[in-house]
Amino acid sequence: MSISRILLAFMRAAMAVQVIVGIGFWTGHWANLVNVHMAIGSLFVIALWVIAGIASAHGRPGRLVAFGFVWGVVVLALGMTQQGILIGSLHWIVRVLHLAVGIAAMPIAERLVAGPQSAPVRAS
């Protein structure tokens with residue numbers, strides 16, 4: 001199993017844990033796990049960046065690789081600053097955005113790990 005696939009498996013497991021802990025936050029429980037949630041999220045983003053770096057070394061499309069790195073910055077920045085954004089009754093919007101941005105990192109990582117796709121066969 002390649003390092004990229006191992007990191008992808010870690011990202012899948014981390015995503016599951018993050019969603020469960022996040023639901024605990026939303027329901028008013030587990031506030032003491034915020035630092036754990038942030039640490040796992042940081043490792044999640046580092047895994048995405050390492051996958052993007054490996055993908056770059058293997059000749060994956062540059063735009064996809066760059067998007068992976070940039071998306072990691074977005075995930076990390078939103079995660080680290082979300083508690084100060086739209087404080088009050090509209091903070092649920094930031095929570096949903098945080099969830100969506102984090103989940104969206106998974107298909108990016110999947111595409112970075114996937115081998116070169118063969119072109120579709122066209123009927124002549």
# chains A, B, ... in the order shown; residues from 1 in each chain; ligands from 1
call {"tool": "select_by_dssp", "arguments": {"residues": "chain A", "states": "alpha helix (DSSP H)", "output": "count of residues only"}}
result
91
call {"tool": "residues_around", "arguments": {"residues": "stretch 101-112 of chain A", "least_positions_apart": "4", "cutoff": "10 Å", "atoms": "only C-alpha atoms", "output": "number ranges by chain"}}
result
A: 4-5, 7-8, 11-12, 15-16, 18-19, 41, 44-45, 47-56, 58, 60-61, 64-65, 67-69, 71-72, 74-76, 78-79, 95-97, 116-117
call {"tool": "write_last_selection", "arguments": {"atoms": "C-alpha atoms", "output": "CSV table (one decimal), in the first residue's frame"}}
result
chain,number,residue,atom,x,y,z
A,4,SER,CA,-0.7,8.2,-0.4
A,5,ARG,CA,-3.3,5.5,0.1
A,7,LEU,CA,-2.8,9.0,4.2
A,8,LEU,CA,-6.1,8.8,2.4
A,11,MET,CA,-8.1,11.2,6.1
A,12,ARG,CA,-11.3,9.0,5.9
A,15,MET,CA,-13.2,12.8,8.7
A,16,ALA,CA,-15.5,10.3,10.5
A,18,GLN,CA,-14.3,15.0,13.1
A,19,VAL,CA,-18.0,14.8,12.0
A,41,GLY,CA,-8.1,18.8,11.7
A,44,PHE,CA,-6.0,16.1,8.2
A,45,VAL,CA,-4.8,19.1,6.3
A,47,ALA,CA,-2.2,14.7,5.1
A,48,LEU,CA,-3.9,16.5,2.2
A,49,TRP,CA,-0.8,18.6,1.6
A,50,VAL,CA,1.5,15.5,1.6
A,51,ILE,CA,-0.8,13.7,-0.8
A,52,ALA,CA,-0.7,16.8,-3.1
A,53,GLY,CA,3.1,16.9,-2.9
A,54,ILE,CA,3.3,13.2,-3.8
A,55,ALA,CA,0.8,13.7,-6.6
A,56,SER,CA,2.9,16.5,-8.0
A,58,HIS,CA,4.0,11.7,-9.8
A,60,ARG,CA,-0.6,14.7,-11.6
A,61,PRO,CA,-2.1,17.8,-13.2
A,64,LEU,CA,-5.4,19.8,-9.3
A,65,VAL,CA,-2.2,19.7,-7.1
A,67,PHE,CA,-6.1,23.3,-5.8
A,68,GLY,CA,-5.3,20.6,-3.1
A,69,PHE,CA,-2.7,22.9,-1.5
A,71,TRP,CA,-8.0,23.9,-0.3
A,72,GLY,CA,-5.9,22.8,2.6
A,74,VAL,CA,-9.0,27.2,3.3
A,75,VAL,CA,-9.9,24.3,5.5
A,76,LEU,CA,-7.2,25.2,8.1
A,78,LEU,CA,-11.7,28.4,8.4
A,79,GLY,CA,-11.3,25.8,11.1
A,95,ARG,CA,-20.6,25.8,11.2
A,96,VAL,CA,-22.3,24.4,8.1
A,97,LEU,CA,-19.7,26.0,5.9
A,116,PRO,CA,-4.1,8.7,-14.4
A,117,GLN,CA,-7.6,8.3,-15.8
call {"tool": "closest_residue", "arguments": {"among": "A:Leu90, A:Ala100, A:Leu33, A:Val73", "to": "A:Val21", "atoms": "only C-alpha atoms"}}
result
A:Leu33
call {"tool": "closest_residue", "arguments": {"among": "A:Ala14, A:Arg63, A:Ser89, A:Val70", "to": "A:Ser42", "atoms": "only C-alpha atoms"}}
result
A:Ala14
call {"tool": "closest_residue", "arguments": {"among": "A:Ile40, A:His91, A:Val34, A:His29", "to": "A:Ala13", "atoms": "only C-alpha atoms"}}
result
A:Ile40
call {"tool": "atom_distance", "arguments": {"atom1": "atom CA of A:Ala66", "atom2": "atom CA of A:Ile93"}}
result
27.1 Å
